[in-house]
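Q: Just dropping this structure here.
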Amino acid sequence: MQNKVSTLLSYYSPNGIEAGLDEAGRGCLAGPVVAAAVVLPKDFYHPLLTDSKKLSAKQRETLIEVIKTESIAYAIAEVDHAKIDEINIYKASVRAMHLAVEQLSIRPDHLLVDGNRFIEYPFISHTCIVKGDSKFFSIAAASILAKTYRDQWMREAALQFPGYGWERNAGYPTLEHRKAVLKKGFSPIHRKTFRVEIKEIS
């Protein structure tokens, strides 16, 4: 069996300091939206690193230490369910990304943002890249940090608010989760502005 060879790019521009940005939890019914910002060396390469959704939990856990050890800087930030309800999930996702950039130990010159839109961070240029987490190492690294942080957050929340299956679904609207909401009602950390429907039940 041949070894996997990554086709992701190490940088968008050879000049300046770039930070990759991504978020996790945007489509969930409960818990925070989490974002990460990662600055990697221009010559960074890892054959396994790609979009977090394409990796197993074990692979993501292995890559956490690689990212934290080899990155020039990284930061993780969250925006809670109450703020999501107050300002909407898109603005909350961008706010989490802004907070992550703000917490970086060095100031980047340019942001590589996963997705197709973004609210400009003051005095830093940005480029939106659709499916950027499968195109650039820095965005893929951010996706892994955001997802693993949030998954752990939801596992811990599942101990406090059992019965919703968060240890398995991380707050996403699986059938199990939606059934539990209809049976038990909302928990204190559910997003009240998100609709819960079950059409699959006969």
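Identifiers for the structure tokens are assigned positionally: chains receive A, B, ... in sequence, residues are indexed from 1 per chain, and ligands are indexed from 1 in the order shown.
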At a cut-off of 7 Å, using only C-alpha atoms, what residues contact Pro173 in chain A? Leave out same-chain residues fewer than 3 positions from it and give the result as a ChimeraX atom specification.
A: /A:28-29,177-178
Q: Go ahead and write the selection's residues with N, CA and C atoms as a CSV table (one decimal), in the first residue's frame.
A:
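Wrote again-v1.csv, looks like this:
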chain,number,residue,atom,x,y,z
A,28,CYS,N,-24.8,23.0,14.8
A,28,CYS,CA,-25.2,22.2,16.0
A,28,CYS,C,-26.5,22.9,16.7
A,29,LEU,N,-27.2,22.1,17.4
A,29,LEU,CA,-28.3,22.6,18.2
A,29,LEU,C,-28.0,23.1,19.6
A,177,HIS,N,-30.6,13.0,18.8
A,177,HIS,CA,-30.6,14.3,19.5
A,177,HIS,C,-31.9,15.0,19.4
A,178,ARG,N,-32.5,15.0,18.2
A,178,ARG,CA,-33.8,15.7,18.1
A,178,ARG,C,-34.9,15.0,18.8
Q: May I have the residues within 12 Å of Thr127 in chain A as a ChimeraX atom specification, using only C-alpha atoms and disregarding those fewer than 2 positions away in the same chain?
A: /A:11-13,18-21,109-121,124-125,129-130,132,136,139
Q: Write out as a list in words each polymer residue whose atoms come within 10 Å of Lys83 in chain A, counting only C-alpha atoms; drop sequence neighbours fewer than 5 positions from it.
A: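 Those residues are Pro32, Val33, Asn88, Ile89, Lys91, Ala92, Arg95 and Arg191 of chain A.
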Q: What's the 8 Å shell around range 165-171 of chain A, counting only C-alpha atoms, without same-chain residues fewer than 2 positions away, as a PDB file with N, CA and C atoms, in the first residue's frame?
A:
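part-v7.pdb written:
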ATOM      1  N   GLY A  25     -18.961  23.537  14.761  1.00  0.00           N
ATOM      2  CA  GLY A  25     -20.179  23.639  15.544  1.00  0.00           C
ATOM      3  C   GLY A  25     -21.224  24.588  15.015  1.00  0.00           C
ATOM      4  N   CYS A  28     -24.777  22.977  14.841  1.00  0.00           N
ATOM      5  CA  CYS A  28     -25.233  22.245  16.022  1.00  0.00           C
ATOM      6  C   CYS A  28     -26.469  22.880  16.656  1.00  0.00           C
ATOM      7  N   LEU A  29     -27.177  22.088  17.446  1.00  0.00           N
ATOM      8  CA  LEU A  29     -28.343  22.569  18.173  1.00  0.00           C
ATOM      9  C   LEU A  29     -27.986  23.074  19.566  1.00  0.00           C
ATOM     10  N   ALA A  30     -26.805  22.706  20.041  1.00  0.00           N
ATOM     11  CA  ALA A  30     -26.423  23.059  21.408  1.00  0.00           C
ATOM     12  C   ALA A  30     -24.933  23.362  21.484  1.00  0.00           C
ATOM     13  N   GLY A  31     -24.571  24.103  22.539  1.00  0.00           N
ATOM     14  CA  GLY A  31     -23.170  24.393  22.782  1.00  0.00           C
ATOM     15  C   GLY A  31     -22.648  25.564  21.978  1.00  0.00           C
ATOM     16  N   ARG A 150     -13.982  21.449  20.459  1.00  0.00           N
ATOM     17  CA  ARG A 150     -15.429  21.482  20.643  1.00  0.00           C
ATOM     18  C   ARG A 150     -15.995  20.104  20.977  1.00  0.00           C
ATOM     19  N   ASP A 151     -15.480  19.066  20.337  1.00  0.00           N
ATOM     20  CA  ASP A 151     -15.946  17.711  20.638  1.00  0.00           C
ATOM     21  C   ASP A 151     -15.716  17.381  22.115  1.00  0.00           C
ATOM     22  N   MET A 154     -18.223  19.219  24.301  1.00  0.00           N
ATOM     23  CA  MET A 154     -19.547  18.602  24.292  1.00  0.00           C
ATOM     24  C   MET A 154     -19.555  17.281  25.069  1.00  0.00           C
ATOM     25  N   ARG A 155     -18.462  16.545  25.061  1.00  0.00           N
ATOM     26  CA  ARG A 155     -18.392  15.326  25.873  1.00  0.00           C
ATOM     27  C   ARG A 155     -18.504  15.660  27.357  1.00  0.00           C
ATOM     28  N   GLU A 156     -17.855  16.742  27.756  1.00  0.00           N
ATOM     29  CA  GLU A 156     -17.941  17.163  29.149  1.00  0.00           C
ATOM     30  C   GLU A 156     -19.343  17.677  29.470  1.00  0.00           C
ATOM     31  N   ALA A 157     -19.962  18.376  28.524  1.00  0.00           N
ATOM     32  CA  ALA A 157     -21.329  18.869  28.726  1.00  0.00           C
ATOM     33  C   ALA A 157     -22.315  17.713  28.837  1.00  0.00           C
ATOM     34  N   ALA A 158     -22.029  16.603  28.140  1.00  0.00           N
ATOM     35  CA  ALA A 158     -22.903  15.434  28.190  1.00  0.00           C
ATOM     36  C   ALA A 158     -22.973  14.841  29.595  1.00  0.00           C
ATOM     37  N   PRO A 162     -27.082  14.784  30.639  1.00  0.00           N
ATOM     38  CA  PRO A 162     -27.147  13.494  29.933  1.00  0.00           C
ATOM     39  C   PRO A 162     -28.467  13.302  29.188  1.00  0.00           C
ATOM     40  N   GLY A 163     -28.446  12.350  28.259  1.00  0.00           N
ATOM     41  CA  GLY A 163     -29.670  11.968  27.577  1.00  0.00           C
ATOM     42  C   GLY A 163     -29.828  12.494  26.171  1.00  0.00           C
ATOM     43  N   PRO A 173     -27.600  17.877  14.923  1.00  0.00           N
ATOM     44  CA  PRO A 173     -29.012  17.484  14.928  1.00  0.00           C
ATOM     45  C   PRO A 173     -29.271  16.075  14.391  1.00  0.00           C
ATOM     46  N   THR A 174     -28.668  15.085  15.025  1.00  0.00           N
ATOM     47  CA  THR A 174     -28.955  13.699  14.665  1.00  0.00           C
ATOM     48  C   THR A 174     -30.380  13.362  15.089  1.00  0.00           C
ATOM     49  N   GLU A 176     -31.282  10.958  17.023  1.00  0.00           N
ATOM     50  CA  GLU A 176     -31.232  10.709  18.466  1.00  0.00           C
ATOM     51  C   GLU A 176     -31.342  12.014  19.249  1.00  0.00           C
ATOM     52  N   HIS A 177     -30.592  13.008  18.826  1.00  0.00           N
ATOM     53  CA  HIS A 177     -30.580  14.288  19.530  1.00  0.00           C
ATOM     54  C   HIS A 177     -31.930  14.981  19.428  1.00  0.00           C
TER      55      HIS A 177
END
Q: Could you list, with a cut-off of 12 Å and counting only C-alpha atoms, the residues of range 69-170 of chain A near range 56-59 of chain A, each shown with its nearest atom pair and the distance in Å rounded to one decimal, rows sorted by chain and ascending number, as CSV?
A:
residue,atom,partner,partner_atom,distance
A:Ile144,CA,A:Gln59,CA,9.8
A:Leu145,CA,A:Ala57,CA,12.0
A:Lys147,CA,A:Ala57,CA,10.0
A:Thr148,CA,A:Ala57,CA,8.3
A:Tyr149,CA,A:Ala57,CA,11.9
A:Asp151,CA,A:Ala57,CA,9.9
A:Gln152,CA,A:Ala57,CA,11.2
A:Arg168,CA,A:Ala57,CA,11.7
Q: Please run DSSP on the backbone and report, as a ChimeraX atom specification, all residues within chain A that come out as strand (DSSP E).
A: /A:18-24,33-39,73-79,110-114,125-129
Q: Keeping C-alpha atoms, export the residues of the selection given above as an mmCIF file, in the first residue's frame.
A:
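File produced: result.cif:
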data_model
loop_
_atom_site.group_PDB
_atom_site.id
_atom_site.type_symbol
_atom_site.label_atom_id
_atom_site.label_comp_id
_atom_site.auth_asym_id
_atom_site.auth_seq_id
_atom_site.Cartn_x
_atom_site.Cartn_y
_atom_site.Cartn_z
ATOM 1 C CA GLU A 18 -0.550 33.963 7.144
ATOM 2 C CA ALA A 19 -3.057 32.543 9.625
ATOM 3 C CA GLY A 20 -5.551 29.872 8.647
ATOM 4 C CA LEU A 21 -9.038 30.182 10.166
ATOM 5 C CA ASP A 22 -11.848 27.680 10.546
ATOM 6 C CA GLU A 23 -14.769 26.991 12.865
ATOM 7 C CA ALA A 24 -16.648 24.010 14.267
ATOM 8 C CA VAL A 33 -19.343 27.668 18.076
ATOM 9 C CA VAL A 34 -15.561 27.279 18.252
ATOM 10 C CA ALA A 35 -12.924 28.777 15.968
ATOM 11 C CA ALA A 36 -9.183 28.348 15.663
ATOM 12 C CA ALA A 37 -6.419 30.374 14.038
ATOM 13 C CA VAL A 38 -3.118 28.742 13.105
ATOM 14 C CA VAL A 39 0.130 30.185 11.747
ATOM 15 C CA ALA A 73 1.303 30.386 16.772
ATOM 16 C CA TYR A 74 -2.199 29.076 17.360
ATOM 17 C CA ALA A 75 -5.292 30.102 19.307
ATOM 18 C CA ILE A 76 -8.759 28.702 19.989
ATOM 19 C CA ALA A 77 -11.824 30.760 20.888
ATOM 20 C CA GLU A 78 -15.517 30.117 21.477
ATOM 21 C CA VAL A 79 -18.803 32.013 21.409
ATOM 22 C CA HIS A 110 -3.154 37.953 6.026
ATOM 23 C CA LEU A 111 -5.988 35.588 6.969
ATOM 24 C CA LEU A 112 -6.996 32.498 5.020
ATOM 25 C CA VAL A 113 -10.638 31.877 5.892
ATOM 26 C CA ASP A 114 -12.512 28.665 5.217
ATOM 27 C CA SER A 125 -6.447 41.519 4.785
ATOM 28 C CA HIS A 126 -8.153 38.187 4.171
ATOM 29 C CA THR A 127 -9.000 35.685 1.460
ATOM 30 C CA CYS A 128 -12.060 33.419 1.658
ATOM 31 C CA ILE A 129 -11.452 29.932 0.270
#
Q: DSSP on the backbone, then: every residue of chain A marked alpha helix (DSSP H), written as a PyMOL selection string.
A: chain A and resi 57-70+81-87+89-103+137-160+166-169+175-184
